[in-house]
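Asker: Got a structure here, written out as structure tokens. Questions coming.
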Amino acid sequence: MKDLPTRYIPQEVEDKWCQHWEKNNLFHAQHDKKKKPYSIVIPPPNVTGILHMGHALNNTLQDIIIRYKRMKGFETLWMPGTDHAGIATQNVVEKQLAKENKTRHDISREDFLEKLWAWKKQYGDTIIHQLKKLGSSCDWERTRFTMDEGYSKAVKTVFVKLYKKGLIYRGQYIINWCPRCHTALSDEEAEHQDVQGSLYHIQYPFKNNPDQRVTVATTRPETMLGDTAVAVNPKDKRYKKLIGQTLVLPLMNREIKIIADDFVDPEFGTGAVKITPAHDPNDFEMGKRHNLEFINILNADATLNENTKEFNGLDRFKARKLIVEKLKEQNLLVKADEHQHAVGHCYRCHTVIEPYLSKQWFVKMRPLAKPALDVVKKGKVKFYPDRWTKVYVNWMEGIRDWCISRQIWWGHRIPVWYCKACGEENFIVAEETPTCCPKCKGNDLHQDEDVLDTWFSSWLWPFATLGWPEKKEDLKYFYPTNSLFTAPEIIFFWVARMIMAGLEFMGDIPFSDVYLHGTVRDAKGRKMSKSLGNALDPLEIIEEYGADALRFSLIINSGQDLFISKEKFEVGRNFANKIWNASRLVFMNTSNLNVAQLDQDFKNLKKEDLPMSCQWILSKMQTTLIDLEDAIEKYKFSEAENLVYNFIWKNFCDWYLEMIKNSFNQKDVQITTLFILEQVLKMIHPFMPFVSEEIWHSIHPESDSLAKESWPKINKALINNSIESDMVNVFDLIVSVRNVRAQWRIQSSTRIDCILGAPSKILKILEQNSKIIKSLASVDNLKFDSSKISMKDTAAGISGKIKFYIPLSGIVDIKQEKKKINEQILQSQKALTGLSSRLKNKNFLSKAPKKVVEKETERLKEIEEKIKELTNIIKDLS
RNA sequence: GGGCGAUUAGCUCAGUUGGUUAGAGCAUCUGAUUUACAUUCAGAGGGUCGAGGGUUCGAGUCCUUCAUUGCCCACCA
């Protein structure tokens with residue numbers, strides 16, 4: 001074992017281990033039939049991405065469980081990869097083009113894609129490198145990309161399969177249109193934000209009597225240019241008579257009818273609604289019901305088009321202003337109320353979305369949703385925490401069809417071809433590019449210009465990464481995967497759709513457990529974001545505190561949402577250093593041991609002959625292990641870290657190492673201590689892989705990696721409840737009687753500073769626990785001489801190596817002590833009366849379980865005793 | 001508008017199926033130190049568990065109403 005520096009310096013060791021793990025391919029998964037598989041697929045970060053705190057949290061969680069399972073003997077696979085992230089990535093490259101004052105339309109599709117691939121090649125692996133710095137134990141050799149060759153094949157196969165099954169269709173519908181990205185978006189990609197707008201009340205004159213008018217209310221007055229009707233509720237008395245009459249649409253001078261539809265809410269606005277079938281989803285439905293004309297008034301960039309006469313070419317918001325002004329001039333604007341309403345924004349560029357009529361591809365979701373709903377309801381797929389189940393169920397029950405076509409270039413091109421001769425409606429859906437039209441045999445074919453929604457590839461992730469549609473060994477061995485770790489924001493985008501795809505194409509769930517973690521926020525509770533400038537960069541934290549510190553601190557703070565500030569990472573840094581120094585202490589005292597034989601030597605030890613402190617820590621370790629495994633299996637990670645933290649810091653360092661410091665010359669103590677240190681390193685490894693690996697290698701330079709060692713086995717024979725409770729008594733000895741402030745210390749074990757009670761109390765406790773004290777200090781012939789202890793003395797000697805002193809005088813104010821103790825007596829007496837009356841209560845005695853009654857009775861006795869003791873102390877003091 | 005959470009010490013949170021005297025970390029204060037570790041150790045103060053009502057021998061925990069707050073979903077023009 002080599003000497004370790006006095007401080008743990010993560011910067012000096014982390015890169016070394018990253019490289020070591022990767023170079024030796026230590027996390028490469030095999031298909032070991034003797035082992036059980038355990039697999040996780042990474043939520044693929046976008047190729048545009050750089051590591052943020054959310055990633056750090058997400059991947060630490062996965063790494064903890066995968067390292068734990070690996071050590072537990074599972075054949076583990078953590079599948080890494082990245083997502084092409086259609087719109088997001090395209091936007092980045094478009095911004096680059098914009099610097100040259102170009103749009104993608106100024107260069108060819110091929111050239112644009114070439115730029116994107118070049119960009120992906122250059123920056124696409126950044127995040128992978130950063131994940132490695134975090135310590136992620138992915139199988140890097142298997143790294144996938146949602147647009148690599150095999151994956152593209154899977155996407156095409158899925159499209160064709162769904163089409164043949166009748167689950168994909170093409171049609172003209174109102175979709176969410178982003179005028180900046182120039183593409184359709186799915187409903188999930190439209191983010192609704194409350195916006196303070198105006199509700200304009202506009203008058204439409206009657207054709208026959210221009211002085212008589214109907215007032216309609218709208219938040220988007222420019223859409224009136226596309227109005228083809230005004231609707232009222234048929235039961236609305238105000239308008240009943242007017243149904244069927246003709247109005248003249250202002251500015252456009254188009255004649256439109258008043259129609260009746262149940263959808264109209266008489267309570268809202270004026271009770272009369274202008275109908276714009278081409279620019280509002282409800283109006284669209286109504287337009288179909290009433291056979292109205294669909295007038296498109298917008299271009300793709302949301303400027304007004306030639307259907308708007310004088311407004312042609314105007315931006316939609318400028319047009320809005322102008323139209324309001326013109327209506328004012330014509331005295332047709334009644335009023336504009338302040339009005340808060342939800343407006344859809346593009347989830348990528350935050351531009352206001354327009355409902356837009358266009359021809360798009362859709363997936364029929366109901367048939368896919370049903371089985372996916374069943375597996376969750378039956379508990380085959382479980383959500384952690386459980387409350388997300390409801391969110392999932394609600395969404396699935398109200399699911400709507402999925403618009404999957406996007407008018408961008410970066411992505412999987414839709415595998416559909418149109419024949420010029422046969423027309424648009426006779427399209428060909430095929431995995432391979434067709435050579436000629438199957439109908440007319442003509443070969444003037446062109447592929448659909450659109451690409452697929454990025455999530456149309458992501459939803460195949462759990463099996464497409466394993467080689468599907470080919471049925472290779474990977475797929476057989478590792479599917480279904482075990483757990484998925486992700487943020488709740490993408491339950492609908494991704495999790496739900498993966499469950500649907502898994503069931504549809506694999507006939508089985510993609511994973512059985514879904515763990516949804518919280519959002520990382522700053523100390524004030526705001527979401528961390530670049531634009532707010534409150535984001536902490538995980539790489540900076542790694543640089544300053546170390547990856548282990550980052551990992552540990554994140555997880556220990558992760559209950560629900562995490563509130564993180566820089567200082568929080570000190571916990572992790574300090575803990576790593578604590579483990580480091582504890583190891584140094586152990587190394588200093590165990591350098592003569594033969595580590596190769598350590599396990600055997602420990603086995604051969606007669607545990608019952610070990611000092612009590614050793615027996616205690618061994619027992620404590622078993623109970624900690626039991627709780628720890630339970631916590632990890634239940635995905636209670638912060639609880640798990642707390643258990644390890646307390647065991648290592650409080651039990652192992654503060655108590656155990658202090659207690660055995662003076663017994664390190666005993667070989668059995670050495671063996672036990674080093675053995676426990678090794679177990680400790682294993683226990684901490686999933687949480688803090690770097691520091692544990694570094695220390696492990698100081699002991700075992702020959703070992704491949706701690707990551708490949710086996711997890712400590714729980715040895716129930718080592719659990720010794722009586723010793724654990726005895727030790728609690730010893731600790732109590734220090735804690736329980738802290739009324740009189742006398743300090744003593746066992747000098748031979750140097751640093752146990754204790755607060756004890758009055759001399760008689762001290763003696764009593766020491767006598768009661770002399771066996772234990774003896775074991776602790778390994779001192780023979782321990783005797784207590786009460787005659788040498790008195791209130792006035794500052795110290796009292798004791799035979800043997802143990803000495804203790806009681807610097808009472810000058811520290812203790814007898815009057816105050818008396819007062820305090822009297823207060824305590826009063827309190828205890830109160831508790832006593834309460835308790836005894838309770839124990840006389842017939843209802844309590846008959847209804848409460850026996851155990852409780854017994855406990856309460858015991859407690860009654862304890863309190864009585866306590867009062868006696870306290871009274872004695874009072875006597876002592878006077 | 002609908003749904004789901006949250007409310008416990010100055011701050012951040014634990015608190016298992018109701019059962020001793022409601023816990024921890026941070027912060028604050030007091031003290032220790034020839035030290036494996038000042039990134040250390042010991043101790044103290046600080047809580048009518050958001051409010052009211054109910055069930056119960058017994059409620060932080062179960063029910064109900066209200067308040068405050070967060071998140072998700074939603075086509076009221």
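In the structure tokens, the first chain shown is A, the next is B, and so on; residue numbers restart at 1 for each chain, and ligands run from 1 in the order shown.
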Using only C-alpha atoms (C1' of nucleotides), I'd like every residue of chain A that has an atom within 6 Å of chain B; please write them out as an mmCIF file with all heavy atoms, in the first residue's frame.

Answerer:
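Saved to result-v4.cif:
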data_model
loop_
_atom_site.group_PDB
_atom_site.id
_atom_site.type_symbol
_atom_site.label_atom_id
_atom_site.label_comp_id
_atom_site.auth_asym_id
_atom_site.auth_seq_id
_atom_site.Cartn_x
_atom_site.Cartn_y
_atom_site.Cartn_z
ATOM 1 N N THR A 218 -62.977 38.865 -30.268
ATOM 2 C CA THR A 218 -61.834 38.041 -30.686
ATOM 3 C C THR A 218 -60.539 38.585 -30.087
ATOM 4 O O THR A 218 -60.427 39.780 -29.810
ATOM 5 C CB THR A 218 -61.699 37.990 -32.221
ATOM 6 O OG1 THR A 218 -60.562 37.215 -32.552
ATOM 7 C CG2 THR A 218 -61.526 39.396 -32.811
ATOM 8 N N VAL A 273 -69.790 34.380 -32.169
ATOM 9 C CA VAL A 273 -68.388 34.071 -32.461
ATOM 10 C C VAL A 273 -68.133 34.173 -33.952
ATOM 11 O O VAL A 273 -68.888 33.642 -34.760
ATOM 12 C CB VAL A 273 -68.039 32.627 -32.018
ATOM 13 C CG1 VAL A 273 -66.538 32.420 -32.090
ATOM 14 C CG2 VAL A 273 -68.554 32.358 -30.638
ATOM 15 N N ASN A 282 -61.280 24.995 -33.419
ATOM 16 C CA ASN A 282 -62.728 24.853 -33.206
ATOM 17 C C ASN A 282 -63.498 25.281 -34.433
ATOM 18 O O ASN A 282 -64.467 24.639 -34.842
ATOM 19 C CB ASN A 282 -63.179 25.708 -32.033
ATOM 20 C CG ASN A 282 -62.515 25.279 -30.771
ATOM 21 O OD1 ASN A 282 -62.390 24.090 -30.526
ATOM 22 N ND2 ASN A 282 -62.050 26.232 -29.992
ATOM 23 N N ASN A 574 -16.198 17.355 1.141
ATOM 24 C CA ASN A 574 -15.735 17.022 2.487
ATOM 25 C C ASN A 574 -15.839 15.531 2.762
ATOM 26 O O ASN A 574 -14.981 14.949 3.420
ATOM 27 C CB ASN A 574 -16.550 17.788 3.529
ATOM 28 C CG ASN A 574 -16.343 19.280 3.415
ATOM 29 O OD1 ASN A 574 -15.571 19.738 2.585
ATOM 30 N ND2 ASN A 574 -17.038 20.039 4.245
ATOM 31 N N ASN A 581 -9.083 10.385 4.262
ATOM 32 C CA ASN A 581 -8.252 10.454 5.463
ATOM 33 C C ASN A 581 -8.455 9.274 6.389
ATOM 34 O O ASN A 581 -7.516 8.835 7.051
ATOM 35 C CB ASN A 581 -8.489 11.769 6.187
ATOM 36 C CG ASN A 581 -7.582 12.853 5.637
ATOM 37 O OD1 ASN A 581 -6.376 12.741 5.755
ATOM 38 N ND2 ASN A 581 -8.164 13.842 4.994
ATOM 39 N N ALA A 582 -9.683 8.783 6.418
ATOM 40 C CA ALA A 582 -9.914 7.577 7.208
ATOM 41 C C ALA A 582 -9.062 6.458 6.636
ATOM 42 O O ALA A 582 -8.440 5.690 7.373
ATOM 43 C CB ALA A 582 -11.391 7.209 7.176
ATOM 44 N N ARG A 584 -6.276 6.792 5.037
ATOM 45 C CA ARG A 584 -4.877 7.054 5.401
ATOM 46 C C ARG A 584 -4.582 6.510 6.791
ATOM 47 O O ARG A 584 -3.571 5.853 7.023
ATOM 48 C CB ARG A 584 -4.599 8.555 5.385
ATOM 49 C CG ARG A 584 -4.463 9.129 4.002
ATOM 50 C CD ARG A 584 -4.125 10.597 4.091
ATOM 51 N NE ARG A 584 -2.869 10.803 4.771
ATOM 52 C CZ ARG A 584 -2.598 11.819 5.599
ATOM 53 N NH1 ARG A 584 -3.528 12.717 5.835
ATOM 54 N NH2 ARG A 584 -1.429 11.933 6.159
ATOM 55 N N LEU A 585 -5.489 6.791 7.714
ATOM 56 C CA LEU A 585 -5.279 6.317 9.077
ATOM 57 C C LEU A 585 -5.182 4.795 9.105
ATOM 58 O O LEU A 585 -4.297 4.228 9.752
ATOM 59 C CB LEU A 585 -6.425 6.790 9.973
ATOM 60 C CG LEU A 585 -6.382 6.288 11.405
ATOM 61 C CD1 LEU A 585 -5.221 6.918 12.168
ATOM 62 C CD2 LEU A 585 -7.684 6.571 12.135
ATOM 63 N N ASN A 843 -60.198 2.287 28.111
ATOM 64 C CA ASN A 843 -60.221 2.202 26.656
ATOM 65 C C ASN A 843 -58.850 1.929 26.090
ATOM 66 O O ASN A 843 -58.674 1.118 25.186
ATOM 67 C CB ASN A 843 -60.740 3.515 26.070
ATOM 68 C CG ASN A 843 -62.254 3.547 26.083
ATOM 69 O OD1 ASN A 843 -62.901 2.511 25.929
ATOM 70 N ND2 ASN A 843 -62.801 4.727 26.276
ATOM 71 N N PHE A 844 -57.893 2.631 26.662
ATOM 72 C CA PHE A 844 -56.531 2.444 26.188
ATOM 73 C C PHE A 844 -56.078 1.012 26.431
ATOM 74 O O PHE A 844 -55.546 0.356 25.546
ATOM 75 C CB PHE A 844 -55.598 3.428 26.895
ATOM 76 C CG PHE A 844 -54.141 3.203 26.588
ATOM 77 C CD1 PHE A 844 -53.649 3.481 25.332
ATOM 78 C CD2 PHE A 844 -53.283 2.694 27.553
ATOM 79 C CE1 PHE A 844 -52.310 3.266 25.038
ATOM 80 C CE2 PHE A 844 -51.950 2.471 27.254
ATOM 81 C CZ PHE A 844 -51.461 2.765 26.002
#

Asker: Out of region 158-402 of chain A, which residues get alpha helix (DSSP H) from DSSP, as a ChimeraX atom specification?

Answerer: /A:158-164,281-289,316-329,366-377,388-397

Asker: Quick one: everything within 12 Å of Leu835 (chain A), counting only C-alpha atoms (C1' of nucleotides), minus sequence neighbours fewer than 2 positions away in the same chain. Send it as an NGL selection string.

Answerer: (:A and (828-833 or 837-841 or 844 or 853 or 855-864)) or (:B and (20-21 or 58))

Asker: Give me the residues near U61 (chain B) as a PDB file with C-alpha atoms (C1' of nucleotides), in the first residue's frame, where near means some atom within 12 Å (using only C-alpha atoms (C1' of nucleotides)) and where sequence neighbours in that chain fewer than 4 positions away do not count.

Answerer:
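That gives us around31.pdb:
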ATOM      1  C1'   U B   8     -42.838  20.128   9.969  1.00  0.00           C
ATOM      2  C1'   G B  15     -40.858  11.167   9.347  1.00  0.00           C
ATOM      3  C1'   U B  16     -42.631   3.638   6.911  1.00  0.00           C
ATOM      4  C1'   U B  17     -49.161   0.357   7.976  1.00  0.00           C
ATOM      5  C1'   G B  18     -51.952   6.166  13.372  1.00  0.00           C
ATOM      6  C1'   G B  19     -48.410   4.306  19.090  1.00  0.00           C
ATOM      7  C1'   A B  22     -41.446  14.988  16.240  1.00  0.00           C
ATOM      8  C1'   C B  49     -46.011  19.853  12.443  1.00  0.00           C
TER       9        C B  49
END

Asker: Could you work out how far CA of Tyr384 (chain A) lies from CA of Ser638 (chain A), giving the answer in Å with one decimal?

Answerer: 14.0 Å

Asker: Using Å and a single decimal, report how far CA of Lys121 (chain A) sits from CA of Glu94 (chain A).

Answerer: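 Distance reported for this atom pair: 16.5 Å.
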
Asker: Quick check, in Å to one decimal: how far apart do CA of Asp508 (chain A) and CA of Tyr479 (chain A) lie?

Answerer: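 CA of Asp508 (chain A) sits 8.6 Å away from CA of Tyr479 (chain A).
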
Asker: Compile the contact shell of A6 (chain B) as a PyMOL selection string: residues with an atom at most 12 Å away, counting only C-alpha atoms (C1' of nucleotides), same-chain residues fewer than 6 positions apart removed.

Answerer: (chain A and resi 560-561) or (chain B and resi 50+68-71)

Asker: So that I can check the surroundings of region 666-669 of chain A, please list as JSON, numbers by chain every protein, DNA and RNA residue that reaches within 10 Å of it, counting only C-alpha atoms (C1' of nucleotides) and ignoring chain neighbours fewer than 3 positions away.

Answerer: {"A": [589, 590, 592, 593, 601, 602, 604, 605, 606, 607, 609, 610, 611, 613, 614, 660, 661, 662, 663, 672, 673, 674, 675]}

Asker: May I have the residues within 7 Å of Leu51 (chain A) as a list in words, using only C-alpha atoms (C1' of nucleotides) and disregarding those fewer than 3 positions away in the same chain?

Answerer: His55, Ala56, Ile127, Gln130 and Pro538 of chain A

Asker: Would you put the residues from that selection into a file with all heavy atoms, as a compact mmCIF listing (two decimals), in the first residue's frame?

Answerer:
# COMPACT_ATOMS: atom_id res chain seq x y z
N HIS A 55 -28.74 16.99 -16.61
CA HIS A 55 -28.03 15.81 -17.12
C HIS A 55 -27.21 15.17 -16.00
O HIS A 55 -27.18 13.96 -15.87
CB HIS A 55 -27.03 16.19 -18.21
CG HIS A 55 -27.66 16.61 -19.50
ND1 HIS A 55 -27.37 17.81 -20.10
CD2 HIS A 55 -28.57 16.01 -20.29
CE1 HIS A 55 -28.06 17.92 -21.22
NE2 HIS A 55 -28.80 16.85 -21.37
N ALA A 56 -26.53 16.02 -15.24
CA ALA A 56 -25.66 15.50 -14.18
C ALA A 56 -26.47 14.66 -13.21
O ALA A 56 -26.09 13.55 -12.85
CB ALA A 56 -24.96 16.65 -13.46
N ILE A 127 -21.03 16.09 -25.57
CA ILE A 127 -21.78 15.67 -24.38
C ILE A 127 -21.34 14.29 -23.92
O ILE A 127 -21.34 13.99 -22.73
CB ILE A 127 -23.30 15.75 -24.63
CG1 ILE A 127 -24.05 15.59 -23.32
CG2 ILE A 127 -23.76 14.72 -25.62
CD1 ILE A 127 -25.06 16.62 -23.05
N GLN A 130 -18.41 14.69 -21.84
CA GLN A 130 -18.77 15.26 -20.55
C GLN A 130 -19.41 14.22 -19.63
O GLN A 130 -19.18 14.21 -18.43
CB GLN A 130 -19.70 16.45 -20.77
CG GLN A 130 -18.96 17.60 -21.44
CD GLN A 130 -19.88 18.73 -21.83
OE1 GLN A 130 -21.06 18.52 -22.09
NE2 GLN A 130 -19.33 19.93 -21.89
N PRO A 538 -21.96 22.15 -14.45
CA PRO A 538 -21.43 20.96 -13.77
C PRO A 538 -19.93 20.77 -14.00
O PRO A 538 -19.24 20.27 -13.12
CB PRO A 538 -22.22 19.80 -14.38
CG PRO A 538 -23.25 20.38 -15.24
CD PRO A 538 -23.05 21.84 -15.37

Asker: Looking only at the backbone, which of the residues in region 136-246 of chain A does DSSP tag as strand (DSSP E), as a ChimeraX atom specification?

Answerer: /A:144-145,168-178,183-185,190-205,213-218,229-232,246

Asker: Considering only C-alpha atoms, state which residue in the set A:Lys237, A:Lys257, A:Lys33, A:Arg526 is at the smallest distance from Gly271 (chain A).

Answerer: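 Residue with the minimum atom-to-atom distance to Gly271 (chain A): A:Lys237.
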